[in-house]
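Participant: The structure that follows is given in the form of structure tokens.
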Amino acid sequence: MHNLIRILGDRHAGFVLGMIVVVNLIAGSLMMNSHPELYPKFFHLDLNYFFQPVRSEHFWLYALLLTFSLFGINLIACIIESVTRIAANRKARLKEIAALLFHVALLITMIAHLYEGFYASTQRLPITAQGEELPVLGKTRVESLKNIYYPDNSLKDTEVALSFSKPGGQRLSKNIAFNEPAIFDRGRRQVLMLSGQMEPSGVVILRKTDQHEFTLEENEPLLLTGGRLMLQGFFETGNGLPYAQFLWQPDNGDSQQHFMMLDTDVPHAQIEIAGASYRFGGVTETPYIVAIVRYNPAIPLMLVSLTLAFIGTVLLIRWLIRSN
Amino acid sequence: MTAQITVTISIYIAIGLLAVSIAASITGQHRAATITSYMFLLSCAVFYAIRAYLKEFFPFTDKIEAFVILAVLLVMCALAYRRKISNREFITLQILALAAASVVFIFVDVIRYPPMFLHTVWYPLHVPLSFAAYALWLLAGVNAVYAIPAWYRNDPALPERSALMTQANRIGFVFFTLAMLFGGIWGYLAWGAYFLWDPKLHWAVILWLYYGNLMHIDRLSKLLRWKEPLYVAGIAMILVAFIGTSFFSQSIHRF
């Protein structure tokens with residue numbers, strides 16, 4: 001057994017395998033860079049992607065998995081050898097313990113990446129005030145959104161309040177921002193924001209005769225005297241001026257389309273419907289974010305690895321200070 | 001406007017001081033070279049202090065700041081190891097620093113507020129630490145370059161240089177490990193993942209594994225012969241990781 005561990009944990013072989021892993025990673029980075037159509041820009045650690053289907057361009061990844069596996073076996077044997085040595089010598093040196101912790105952390109990281117690569121999931125989707133059904137988290141809505149700007153009007157941060165109505169009836173509220181995701185299930189599940197903004201959802205129009213205010217939401221007909229008015233959508237003219245398109249459906253007669261400029265200071269900011277004149281009063285907005293919803297079951301393993309690596313680093317620093 | 005001019009003047013003065021320091025080193029005026037190197041650092045401190053004030057944040061968020069911080073760290077390494085390295089190595093490190101700082105002549109310097117994703121404490125923890133690692137590994141690489149003739153001749157003076165390479169690598173490795181840990185936490189919070197299939201992140205792993213592996217070479221009798229060439233190759237890898245992936249890749253990390 002001891003001999004087997006010594007052979008498997010051969011340090012020279014470990015070094016060479018480590019360098020082969022490095023070469024594989026270099027090949028992978030070159031391949032990714034030369035085939036952007038195959039490797040999306042914001043590409044989470046998804047190993048299933050490389051097998052659905054198997055492609056010659058992914059050769060580096062298959063070689064990487066193989067060499068990482070061999071490297072992992074070597075690493076396990078080295079760890080067993082180190083543990084035996086440290087156990088035999090109770091007065092183990094700082095450097096040896098630090099090295100052991102680093103190697104264990106590396107091994108756990110490799111296992112965690114494998115686990116994550118095959119079992120994690122990533123969804124990229126818009127979430128609005130109307131809500132989006134998310135697995136486990138249920139109906140997720142954006143309750144409010146506040147953009148914070150620097151003095152030069154560039155975006156500094158976006159604060160968003162989210163609500164979750166879980167399938168069991170439980171309701172939750174979480175505030176998120178850039179670099180501050182909503183975290184669930186001890187870190188395994190996350191909802192994070194890539195961008196957030198207010199988007200127009202409706203138009204307020206004012207009847208000229210009595211200044212009565214009507215609010216139209218997109219694709220929701222509004223009953224007026226003599227027919228129904230519906231906001232069909234928001235568009236831009238060729239020179240970038242925003243306008244709204246309406247459909248007037250009289251009780252008797254053909255439907256008519258109307259266009260209203262969304263600016264009180266321009267001439268076409270009003271429409272004539274059934275003899276009455278309506279002018280633009282304002283735009284109603286609704287919050288909207290582009291989110292990443294991610295489930296990664298390997299997070300607890302990564303936390304263990306992170307802790308070990310931190311302790312290893314601290315011990316290594318202490319050893320470096322003492323030895324200098 | 002005055003602050004922007006002061007920033008420009010301070011970096012121009014810093015570059016001038018570094019050039020003077022190189023000239024002093026070449027002509028053997030070691031004391032003058034050391035003093036002007038410290039003055040370079042002081043001038044860069046003014047450069048960063050004003051930028052931090054204007055940006056209301058840690059000033060490492062654009063390419064000019066990134067290159068200048070590398071120059072600062074290279075000069076700091078050269079000064080810290082002044083007694084352990086030869087004058088030629090000191091000059092080489094200063095020339096590398098001068099090359100890095102000279103990007104101010106290539107790119108237009110517009111001081112902007114940091115983008116929203118960079119507005120986190122993890123960013124200043126991640127970036128300067130990884131650059132410190134680059135500087136230390138470059139020091140080891142420069143040391144290896146000048147060790148190549150001795151390596152070729154099997155010169156008995158080689159072990160002394162070799163020990164410096166190992167020492168610089170160990171400290172660089174500690175910095176880079178911390179940078180990776182902080183970067184991983186930041187990635188988890190910003191992107192939902194500590195690792196993405198991205199050229200820059202690939203190269204971070206490549207460097208960490210490469211230099212981590214090199215830390216073992218002193219105990220590998222059959223491979224020890226390759227130590228110096230591998231440290232020299234490390235210079236190319238750092239350049240790819242720092243410049244290649246930042247300018248010539250599809251990385252979301254690019255400048």
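Chain labels A, B, ... are given in the sequence in which chains occur in the structure tokens; within each chain residues are numbered consecutively from 1, and ligands are likewise numbered from 1 in the order shown.
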At a cut-off of 10 Å, using only C-alpha atoms, what residues contact Leu114 of chain A? Leave out same-chain residues fewer than 5 positions from it and give the result as JSON, numbers by chain.
Facilitator: {"A": [45, 46, 47, 65, 108, 109, 119, 120, 298]}
Participant: Convert the current residue selection to file output with all heavy atoms, as a CSV table (one decimal), in the first residue's frame.
Facilitator:
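What landed in again_14.csv:
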chain,number,residue,atom,x,y,z
A,45,LEU,N,-19.6,27.9,-15.8
A,45,LEU,CA,-19.0,26.6,-15.8
A,45,LEU,C,-20.0,25.5,-16.1
A,45,LEU,O,-20.6,24.9,-15.2
A,45,LEU,CB,-18.3,26.3,-14.5
A,45,LEU,CG,-17.5,25.1,-14.3
A,45,LEU,CD1,-16.2,25.1,-15.2
A,45,LEU,CD2,-17.0,24.8,-12.9
A,46,ASP,N,-20.2,25.2,-17.3
A,46,ASP,CA,-21.2,24.1,-17.7
A,46,ASP,C,-20.4,23.1,-18.5
A,46,ASP,O,-20.0,23.3,-19.7
A,46,ASP,CB,-22.3,24.8,-18.6
A,46,ASP,CG,-23.3,23.8,-19.0
A,46,ASP,OD1,-23.2,22.7,-18.6
A,46,ASP,OD2,-24.2,24.2,-19.8
A,47,LEU,N,-20.2,21.9,-17.9
A,47,LEU,CA,-19.5,20.9,-18.6
A,47,LEU,C,-20.4,20.1,-19.6
A,47,LEU,O,-19.9,19.5,-20.5
A,47,LEU,CB,-18.8,19.9,-17.6
A,47,LEU,CG,-17.7,20.5,-16.8
A,47,LEU,CD1,-17.2,19.6,-15.7
A,47,LEU,CD2,-16.5,20.9,-17.7
A,65,LEU,N,-10.0,17.2,-18.8
A,65,LEU,CA,-10.6,16.3,-17.9
A,65,LEU,C,-9.8,15.1,-17.5
A,65,LEU,O,-9.6,14.7,-16.4
A,65,LEU,CB,-12.0,15.9,-18.4
A,65,LEU,CG,-13.1,17.0,-18.3
A,65,LEU,CD1,-14.4,16.5,-19.0
A,65,LEU,CD2,-13.4,17.5,-16.9
A,108,ILE,N,-10.3,19.7,-3.4
A,108,ILE,CA,-11.8,19.9,-3.2
A,108,ILE,C,-12.3,20.9,-4.3
A,108,ILE,O,-13.4,20.7,-4.8
A,108,ILE,CB,-12.0,20.5,-1.7
A,108,ILE,CG1,-11.6,19.5,-0.7
A,108,ILE,CG2,-13.5,21.0,-1.6
A,108,ILE,CD1,-11.7,20.0,0.7
A,109,THR,N,-11.5,21.9,-4.6
A,109,THR,CA,-11.9,22.8,-5.7
A,109,THR,C,-12.1,22.0,-7.0
A,109,THR,O,-13.1,22.3,-7.7
A,109,THR,CB,-10.8,23.9,-5.9
A,109,THR,OG1,-10.6,24.5,-4.7
A,109,THR,CG2,-11.2,24.9,-7.0
A,119,TYR,N,-23.9,19.6,-12.6
A,119,TYR,CA,-25.2,19.7,-12.0
A,119,TYR,C,-25.7,21.1,-11.7
A,119,TYR,O,-26.8,21.3,-11.2
A,119,TYR,CB,-25.1,18.9,-10.6
A,119,TYR,CG,-24.9,17.5,-10.8
A,119,TYR,CD1,-23.6,16.9,-10.7
A,119,TYR,CD2,-25.9,16.6,-11.3
A,119,TYR,CE1,-23.4,15.5,-10.9
A,119,TYR,CE2,-25.7,15.3,-11.5
A,119,TYR,CZ,-24.4,14.7,-11.3
A,119,TYR,OH,-24.2,13.4,-11.6
A,120,ALA,N,-24.9,22.1,-12.0
A,120,ALA,CA,-25.3,23.5,-11.8
A,120,ALA,C,-26.2,23.9,-13.0
A,120,ALA,O,-26.2,23.3,-14.0
A,120,ALA,CB,-24.2,24.5,-11.7
A,298,ALA,N,-22.5,23.0,-5.6
A,298,ALA,CA,-21.1,22.8,-5.1
A,298,ALA,C,-20.7,23.9,-4.2
A,298,ALA,O,-19.5,23.9,-3.8
A,298,ALA,CB,-20.2,22.7,-6.3
Participant: Name the residues in contact with Gln250 of chain B at a cut-off of 8 Å, using only C-alpha atoms, excluding same-chain residues fewer than 3 positions from it; report them as a list in words.
Facilitator: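 Once the adjacent positions are removed, what remains is Asn33, Pro36 and Lys41 of chain A; Asp198, Pro199, Thr245 and Arg254 of chain B.
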Participant: Need to verify the contact set: Ala112 of chain A, 12 Å, only C-alpha atoms, exclusion of same-chain residues closer than 2 positions in sequence. Can you return it as a list in words?
Facilitator: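 Returned residues: Leu45, Ala105, Leu106, Leu107, Ile108, Thr109, Met110, Leu114, Tyr115, Glu116, Gly117, Phe118, Tyr119, Ala120, Asn296, Pro297, Ala298, Ile299, Pro300, Leu301, Met302, Leu303, Val304, Ser305 and Leu306 of chain A; Tyr194 and Phe195 of chain B.
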Participant: Put those residues in a file: N, CA and C atoms, as a PDB file, in the first residue's frame.
Facilitator:
ATOM      1  N   LEU A  45     -19.623  27.868 -15.774  1.00  0.00           N
ATOM      2  CA  LEU A  45     -18.961  26.564 -15.801  1.00  0.00           C
ATOM      3  C   LEU A  45     -20.002  25.471 -16.072  1.00  0.00           C
ATOM      4  N   ALA A 105      -7.220  21.885  -0.426  1.00  0.00           N
ATOM      5  CA  ALA A 105      -8.115  22.904  -0.999  1.00  0.00           C
ATOM      6  C   ALA A 105      -8.188  22.754  -2.522  1.00  0.00           C
ATOM      7  N   LEU A 106      -7.045  22.493  -3.142  1.00  0.00           N
ATOM      8  CA  LEU A 106      -7.025  22.325  -4.602  1.00  0.00           C
ATOM      9  C   LEU A 106      -7.840  21.101  -5.015  1.00  0.00           C
ATOM     10  N   LEU A 107      -7.686  20.028  -4.269  1.00  0.00           N
ATOM     11  CA  LEU A 107      -8.424  18.799  -4.586  1.00  0.00           C
ATOM     12  C   LEU A 107      -9.932  19.029  -4.458  1.00  0.00           C
ATOM     13  N   ILE A 108     -10.327  19.678  -3.357  1.00  0.00           N
ATOM     14  CA  ILE A 108     -11.762  19.943  -3.155  1.00  0.00           C
ATOM     15  C   ILE A 108     -12.286  20.871  -4.251  1.00  0.00           C
ATOM     16  N   THR A 109     -11.466  21.853  -4.638  1.00  0.00           N
ATOM     17  CA  THR A 109     -11.880  22.780  -5.715  1.00  0.00           C
ATOM     18  C   THR A 109     -12.113  22.006  -7.016  1.00  0.00           C
ATOM     19  N   MET A 110     -11.208  21.081  -7.305  1.00  0.00           N
ATOM     20  CA  MET A 110     -11.352  20.296  -8.542  1.00  0.00           C
ATOM     21  C   MET A 110     -12.646  19.475  -8.519  1.00  0.00           C
ATOM     22  N   LEU A 114     -16.099  19.937 -10.870  1.00  0.00           N
ATOM     23  CA  LEU A 114     -16.694  18.816 -11.614  1.00  0.00           C
ATOM     24  C   LEU A 114     -18.185  18.702 -11.280  1.00  0.00           C
ATOM     25  N   TYR A 115     -18.483  18.783  -9.996  1.00  0.00           N
ATOM     26  CA  TYR A 115     -19.864  18.690  -9.503  1.00  0.00           C
ATOM     27  C   TYR A 115     -20.683  19.847 -10.079  1.00  0.00           C
ATOM     28  N   GLU A 116     -20.123  21.046  -9.983  1.00  0.00           N
ATOM     29  CA  GLU A 116     -20.804  22.230 -10.504  1.00  0.00           C
ATOM     30  C   GLU A 116     -21.008  22.112 -12.010  1.00  0.00           C
ATOM     31  N   GLY A 117     -19.933  21.706 -12.690  1.00  0.00           N
ATOM     32  CA  GLY A 117     -19.968  21.626 -14.154  1.00  0.00           C
ATOM     33  C   GLY A 117     -21.079  20.743 -14.682  1.00  0.00           C
ATOM     34  N   PHE A 118     -21.405  19.662 -13.946  1.00  0.00           N
ATOM     35  CA  PHE A 118     -22.429  18.746 -14.439  1.00  0.00           C
ATOM     36  C   PHE A 118     -23.807  18.985 -13.821  1.00  0.00           C
ATOM     37  N   TYR A 119     -23.858  19.612 -12.641  1.00  0.00           N
ATOM     38  CA  TYR A 119     -25.153  19.704 -11.958  1.00  0.00           C
ATOM     39  C   TYR A 119     -25.650  21.121 -11.707  1.00  0.00           C
ATOM     40  N   ALA A 120     -24.868  22.130 -12.003  1.00  0.00           N
ATOM     41  CA  ALA A 120     -25.347  23.502 -11.794  1.00  0.00           C
ATOM     42  C   ALA A 120     -26.246  23.909 -12.960  1.00  0.00           C
ATOM     43  N   ASN A 296     -26.180  26.345  -7.876  1.00  0.00           N
ATOM     44  CA  ASN A 296     -24.884  25.660  -7.864  1.00  0.00           C
ATOM     45  C   ASN A 296     -24.767  24.812  -6.599  1.00  0.00           C
ATOM     46  N   PRO A 297     -24.956  23.489  -6.739  1.00  0.00           N
ATOM     47  CA  PRO A 297     -24.940  22.646  -5.532  1.00  0.00           C
ATOM     48  C   PRO A 297     -23.553  22.498  -4.919  1.00  0.00           C
ATOM     49  N   ALA A 298     -22.514  22.960  -5.631  1.00  0.00           N
ATOM     50  CA  ALA A 298     -21.133  22.770  -5.145  1.00  0.00           C
ATOM     51  C   ALA A 298     -20.664  23.891  -4.204  1.00  0.00           C
ATOM     52  N   ILE A 299     -21.530  24.850  -3.901  1.00  0.00           N
ATOM     53  CA  ILE A 299     -21.104  25.994  -3.073  1.00  0.00           C
ATOM     54  C   ILE A 299     -20.557  25.570  -1.698  1.00  0.00           C
ATOM     55  N   PRO A 300     -21.221  24.647  -0.973  1.00  0.00           N
ATOM     56  CA  PRO A 300     -20.647  24.264   0.336  1.00  0.00           C
ATOM     57  C   PRO A 300     -19.229  23.705   0.202  1.00  0.00           C
ATOM     58  N   LEU A 301     -18.993  22.919  -0.844  1.00  0.00           N
ATOM     59  CA  LEU A 301     -17.640  22.373  -1.072  1.00  0.00           C
ATOM     60  C   LEU A 301     -16.652  23.504  -1.315  1.00  0.00           C
ATOM     61  N   MET A 302     -17.091  24.486  -2.104  1.00  0.00           N
ATOM     62  CA  MET A 302     -16.200  25.614  -2.404  1.00  0.00           C
ATOM     63  C   MET A 302     -15.909  26.438  -1.150  1.00  0.00           C
ATOM     64  N   LEU A 303     -16.894  26.520  -0.269  1.00  0.00           N
ATOM     65  CA  LEU A 303     -16.671  27.264   0.981  1.00  0.00           C
ATOM     66  C   LEU A 303     -15.620  26.566   1.840  1.00  0.00           C
ATOM     67  N   VAL A 304     -15.675  25.230   1.870  1.00  0.00           N
ATOM     68  CA  VAL A 304     -14.674  24.457   2.621  1.00  0.00           C
ATOM     69  C   VAL A 304     -13.296  24.719   2.009  1.00  0.00           C
ATOM     70  N   SER A 305     -13.235  24.654   0.677  1.00  0.00           N
ATOM     71  CA  SER A 305     -11.973  24.866  -0.039  1.00  0.00           C
ATOM     72  C   SER A 305     -11.428  26.279   0.228  1.00  0.00           C
ATOM     73  N   LEU A 306     -12.341  27.246   0.181  1.00  0.00           N
ATOM     74  CA  LEU A 306     -11.967  28.647   0.415  1.00  0.00           C
ATOM     75  C   LEU A 306     -11.376  28.812   1.818  1.00  0.00           C
TER      76      LEU A 306
ATOM     77  N   TYR B 194     -17.743  31.824  -9.409  1.00  0.00           N
ATOM     78  CA  TYR B 194     -16.343  32.166  -9.152  1.00  0.00           C
ATOM     79  C   TYR B 194     -15.479  31.854 -10.359  1.00  0.00           C
ATOM     80  N   PHE B 195     -16.027  31.113 -11.305  1.00  0.00           N
ATOM     81  CA  PHE B 195     -15.274  30.807 -12.516  1.00  0.00           C
ATOM     82  C   PHE B 195     -16.202  30.829 -13.721  1.00  0.00           C
TER      83      PHE B 195
END
Participant: Considering only C-alpha atoms, extract the chain A residues located within 8 Å of chain B and return them as a PDB file with N, CA and C atoms, in the first residue's frame.
Facilitator:
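Ended up saving to out_3.pdb:
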ATOM      1  N   ARG A  11       6.326  12.809  -7.237  1.00  0.00           N
ATOM      2  CA  ARG A  11       6.328  14.264  -7.382  1.00  0.00           C
ATOM      3  C   ARG A  11       6.719  14.714  -8.788  1.00  0.00           C
ATOM      4  N   HIS A  12       7.637  13.970  -9.392  1.00  0.00           N
ATOM      5  CA  HIS A  12       8.040  14.318 -10.760  1.00  0.00           C
ATOM      6  C   HIS A  12       6.844  14.178 -11.708  1.00  0.00           C
ATOM      7  N   PHE A  15       4.450  16.994 -11.188  1.00  0.00           N
ATOM      8  CA  PHE A  15       4.911  18.241 -11.811  1.00  0.00           C
ATOM      9  C   PHE A  15       4.607  18.225 -13.318  1.00  0.00           C
ATOM     10  N   GLY A  18       0.942  18.529 -13.939  1.00  0.00           N
ATOM     11  CA  GLY A  18       0.550  19.923 -13.698  1.00  0.00           C
ATOM     12  C   GLY A  18       0.852  20.778 -14.916  1.00  0.00           C
ATOM     13  N   MET A  19       2.015  20.561 -15.509  1.00  0.00           N
ATOM     14  CA  MET A  19       2.387  21.343 -16.697  1.00  0.00           C
ATOM     15  C   MET A  19       1.519  20.973 -17.901  1.00  0.00           C
ATOM     16  N   VAL A  22      -1.611  22.806 -17.574  1.00  0.00           N
ATOM     17  CA  VAL A  22      -1.385  24.200 -17.979  1.00  0.00           C
ATOM     18  C   VAL A  22      -1.452  24.316 -19.507  1.00  0.00           C
ATOM     19  N   LEU A  25      -4.978  24.057 -20.700  1.00  0.00           N
ATOM     20  CA  LEU A  25      -5.722  25.298 -20.448  1.00  0.00           C
ATOM     21  C   LEU A  25      -5.349  26.376 -21.458  1.00  0.00           C
ATOM     22  N   ILE A  26      -4.052  26.422 -21.816  1.00  0.00           N
ATOM     23  CA  ILE A  26      -3.613  27.402 -22.825  1.00  0.00           C
ATOM     24  C   ILE A  26      -4.301  27.084 -24.157  1.00  0.00           C
ATOM     25  N   SER A  29      -7.853  28.223 -23.966  1.00  0.00           N
ATOM     26  CA  SER A  29      -8.055  29.673 -24.073  1.00  0.00           C
ATOM     27  C   SER A  29      -7.895  30.134 -25.524  1.00  0.00           C
ATOM     28  N   LEU A  30      -6.937  29.531 -26.254  1.00  0.00           N
ATOM     29  CA  LEU A  30      -6.745  29.898 -27.667  1.00  0.00           C
ATOM     30  C   LEU A  30      -7.957  29.467 -28.494  1.00  0.00           C
ATOM     31  N   MET A  32     -11.050  29.027 -27.423  1.00  0.00           N
ATOM     32  CA  MET A  32     -12.191  29.882 -27.079  1.00  0.00           C
ATOM     33  C   MET A  32     -12.120  31.221 -27.785  1.00  0.00           C
ATOM     34  N   ASN A  33     -10.890  31.723 -27.846  1.00  0.00           N
ATOM     35  CA  ASN A  33     -10.717  33.031 -28.452  1.00  0.00           C
ATOM     36  C   ASN A  33     -10.934  32.977 -29.959  1.00  0.00           C
ATOM     37  N   PRO A  36     -15.420  32.301 -31.040  1.00  0.00           N
ATOM     38  CA  PRO A  36     -16.401  32.948 -30.147  1.00  0.00           C
ATOM     39  C   PRO A  36     -17.831  32.480 -30.400  1.00  0.00           C
ATOM     40  N   TYR A  39     -18.237  29.523 -28.030  1.00  0.00           N
ATOM     41  CA  TYR A  39     -18.122  29.773 -26.599  1.00  0.00           C
ATOM     42  C   TYR A  39     -18.701  31.152 -26.291  1.00  0.00           C
ATOM     43  N   LYS A  41     -19.984  34.654 -24.544  1.00  0.00           N
ATOM     44  CA  LYS A  41     -19.142  35.587 -23.786  1.00  0.00           C
ATOM     45  C   LYS A  41     -19.316  35.443 -22.280  1.00  0.00           C
ATOM     46  N   PHE A  42     -20.520  35.191 -21.861  1.00  0.00           N
ATOM     47  CA  PHE A  42     -20.782  35.107 -20.417  1.00  0.00           C
ATOM     48  C   PHE A  42     -21.141  33.657 -20.123  1.00  0.00           C
ATOM     49  N   PHE A  43     -20.105  32.822 -20.037  1.00  0.00           N
ATOM     50  CA  PHE A  43     -20.276  31.387 -20.109  1.00  0.00           C
ATOM     51  C   PHE A  43     -19.935  30.757 -18.759  1.00  0.00           C
ATOM     52  N   HIS A  44     -20.972  30.372 -18.015  1.00  0.00           N
ATOM     53  CA  HIS A  44     -20.742  29.756 -16.708  1.00  0.00           C
ATOM     54  C   HIS A  44     -20.152  28.368 -16.881  1.00  0.00           C
ATOM     55  N   LEU A  45     -19.623  27.868 -15.774  1.00  0.00           N
ATOM     56  CA  LEU A  45     -18.961  26.564 -15.801  1.00  0.00           C
ATOM     57  C   LEU A  45     -20.002  25.471 -16.072  1.00  0.00           C
ATOM     58  N   TYR A 150     -23.830  58.923 -10.582  1.00  0.00           N
ATOM     59  CA  TYR A 150     -22.706  59.786 -10.207  1.00  0.00           C
ATOM     60  C   TYR A 150     -23.039  61.219 -10.634  1.00  0.00           C
ATOM     61  N   SER A 154     -23.467  59.148 -14.972  1.00  0.00           N
ATOM     62  CA  SER A 154     -23.217  57.742 -15.278  1.00  0.00           C
ATOM     63  C   SER A 154     -23.734  56.899 -14.105  1.00  0.00           C
ATOM     64  N   LEU A 155     -24.106  55.679 -14.421  1.00  0.00           N
ATOM     65  CA  LEU A 155     -24.775  54.832 -13.430  1.00  0.00           C
ATOM     66  C   LEU A 155     -23.797  54.347 -12.351  1.00  0.00           C
ATOM     67  N   LYS A 156     -24.168  54.553 -11.096  1.00  0.00           N
ATOM     68  CA  LYS A 156     -23.328  54.095  -9.981  1.00  0.00           C
ATOM     69  C   LYS A 156     -23.844  52.763  -9.434  1.00  0.00           C
ATOM     70  N   ASP A 157     -25.136  52.664  -9.251  1.00  0.00           N
ATOM     71  CA  ASP A 157     -25.711  51.418  -8.754  1.00  0.00           C
ATOM     72  C   ASP A 157     -27.211  51.412  -9.018  1.00  0.00           C
ATOM     73  N   PHE A 178     -26.091  45.746  -7.747  1.00  0.00           N
ATOM     74  CA  PHE A 178     -24.936  45.153  -8.413  1.00  0.00           C
ATOM     75  C   PHE A 178     -23.976  44.641  -7.339  1.00  0.00           C
ATOM     76  N   ASN A 179     -23.457  43.464  -7.505  1.00  0.00           N
ATOM     77  CA  ASN A 179     -22.581  42.794  -6.525  1.00  0.00           C
ATOM     78  C   ASN A 179     -23.295  42.419  -5.231  1.00  0.00           C
ATOM     79  N   GLU A 180     -24.599  42.554  -5.202  1.00  0.00           N
ATOM     80  CA  GLU A 180     -25.356  42.151  -4.006  1.00  0.00           C
ATOM     81  C   GLU A 180     -26.562  41.316  -4.433  1.00  0.00           C
ATOM     82  N   PRO A 181     -26.351  40.037  -4.710  1.00  0.00           N
ATOM     83  CA  PRO A 181     -27.470  39.215  -5.186  1.00  0.00           C
ATOM     84  C   PRO A 181     -28.390  38.763  -4.045  1.00  0.00           C
ATOM     85  N   GLN A 190     -29.086  31.619  -6.367  1.00  0.00           N
ATOM     86  CA  GLN A 190     -28.872  33.068  -6.414  1.00  0.00           C
ATOM     87  C   GLN A 190     -29.752  33.712  -7.467  1.00  0.00           C
ATOM     88  N   LEU A 192     -29.295  37.275  -9.360  1.00  0.00           N
ATOM     89  CA  LEU A 192     -28.475  38.485  -9.411  1.00  0.00           C
ATOM     90  C   LEU A 192     -28.810  39.305 -10.646  1.00  0.00           C
ATOM     91  N   LEU A 194     -27.991  41.767 -13.814  1.00  0.00           N
ATOM     92  CA  LEU A 194     -26.983  42.213 -14.786  1.00  0.00           C
ATOM     93  C   LEU A 194     -27.249  43.651 -15.202  1.00  0.00           C
ATOM     94  N   ILE A 292     -29.727  36.921 -13.626  1.00  0.00           N
ATOM     95  CA  ILE A 292     -29.187  35.567 -13.751  1.00  0.00           C
ATOM     96  C   ILE A 292     -29.696  34.790 -12.551  1.00  0.00           C
ATOM     97  N   ARG A 294     -29.250  31.376 -10.743  1.00  0.00           N
ATOM     98  CA  ARG A 294     -28.249  30.300 -10.793  1.00  0.00           C
ATOM     99  C   ARG A 294     -28.413  29.360  -9.613  1.00  0.00           C
ATOM    100  N   LEU A 306     -12.341  27.246   0.181  1.00  0.00           N
ATOM    101  CA  LEU A 306     -11.967  28.647   0.415  1.00  0.00           C
ATOM    102  C   LEU A 306     -11.376  28.812   1.818  1.00  0.00           C
ATOM    103  N   PHE A 310      -7.577  29.860   2.687  1.00  0.00           N
ATOM    104  CA  PHE A 310      -7.290  31.049   3.495  1.00  0.00           C
ATOM    105  C   PHE A 310      -6.365  30.694   4.658  1.00  0.00           C
ATOM    106  N   THR A 313      -2.959  30.010   3.354  1.00  0.00           N
ATOM    107  CA  THR A 313      -2.264  31.252   2.981  1.00  0.00           C
ATOM    108  C   THR A 313      -1.723  31.961   4.217  1.00  0.00           C
ATOM    109  N   LEU A 316       1.247  30.126   5.428  1.00  0.00           N
ATOM    110  CA  LEU A 316       2.371  30.348   4.504  1.00  0.00           C
ATOM    111  C   LEU A 316       2.990  31.730   4.744  1.00  0.00           C
ATOM    112  N   ILE A 317       2.131  32.731   4.985  1.00  0.00           N
ATOM    113  CA  ILE A 317       2.640  34.088   5.263  1.00  0.00           C
ATOM    114  C   ILE A 317       3.470  34.061   6.556  1.00  0.00           C
ATOM    115  N   LEU A 320       6.712  32.479   5.818  1.00  0.00           N
ATOM    116  CA  LEU A 320       7.578  33.373   5.021  1.00  0.00           C
ATOM    117  C   LEU A 320       8.195  34.452   5.912  1.00  0.00           C
TER     118      LEU A 320
END
Participant: Applying 12 Å and only C-alpha atoms, which residues near Arg6 of chain A remain after dropping the ones on its own chain fewer than 6 positions away? List them as a list in words.
Facilitator: His12, Ala13, Gly14, Ile73, Asn74, Leu75, Ile76, Ala77, Cys78, Ile79, Ile80, Glu81, Ser82 and Thr84 of chain A
Participant: Between atom CA of Gly72 of chain A and atom CA of Ile111 of chain A, what is the spacing in Å?
Facilitator: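 Between atom CA of Ile111 of chain A and atom CA of Gly72 of chain A the gap works out to 9.0 Å.
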Participant: What is the distance between atom CA of Leu134 of chain A and atom CA of Asn147 of chain A, in Å to one decimal?
Facilitator: 24.6 Å
Participant: When you count only C-alpha atoms, which of these residues is closest to Gly28 of chain B: B:Asn169, B:Ser102, B:Asn87, B:Asn154?
Facilitator: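 When distances to Gly28 of chain B are compared using only C-alpha atoms, the smallest one comes from B:Asn87.
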Participant: Please identify which residues in segment 92-280 of chain A DSSP calls strand (DSSP E) from the backbone, and express them as a ChimeraX atom specification.
Facilitator: /A:121-128,132-134,138-149,155-165,171-176,182-184,189-207,213-217,222-224,227-236,242-250,256-261,270-273,276-280
Participant: Can you pull out the residues contacting Ile235 of chain B? Cut-off 12 Å, using only C-alpha atoms, and skip same-chain residues under 6 positions away; I want them as a list in words.
Facilitator: Leu96, Tyr134, Ala135, Leu136, Trp137, Leu138, Leu139, Ala140, Gly141, Val142, Asn143, Ala144, Val145, Leu207, Tyr210, Tyr211, Glu228, Pro229, Ala241, Phe242 and Ile243 of chain B
Participant: Counting only C-alpha atoms, which of B:Gly183, B:Gly16, B:Gly172, B:Pro124 gets nearest to Ser37 of chain B?
Facilitator: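 With only C-alpha atoms as the atom set, the closest residue is B:Gly16.
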Participant: Just want the 9 Å neighbourhood of Ile85 of chain B, counted on only C-alpha atoms, with same-chain residues fewer than 3 positions away dropped. Output as an MDAnalysis selection string.
Facilitator: chainID B and resid 78 81:82 88:90 143 161 164
Participant: Atom CA of Asp152 of chain A and atom CA of Ser195 of chain A, how far apart in Å?
Facilitator: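 Taking atom CA of Ser195 of chain A as the start and atom CA of Asp152 of chain A as the end point, the length is 19.1 Å.
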Participant: Identify, on the basis of only C-alpha atoms, every residue whose closest approach to Pro250 of chain A does not exceed 9 Å; exclude the query and any residue fewer than 3 positions from it along the same chain; express the result as a PyMOL selection string.
Facilitator: chain A and resi 225-229+253-256+274
Participant: Which residues in segment 40-109 of chain A does DSSP call alpha helix (DSSP H)? List them as a VMD selection string.
Facilitator: chain A and resid 59 to 88 94 to 109
Participant: May I ask which of the residues B:Val127, B:Ile11, B:Met39, B:Ile91 is the closest one to Val68 of chain B, counting only C-alpha atoms?
Facilitator: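 Using only C-alpha atoms, Val68 of chain B sits closest to B:Ile11.
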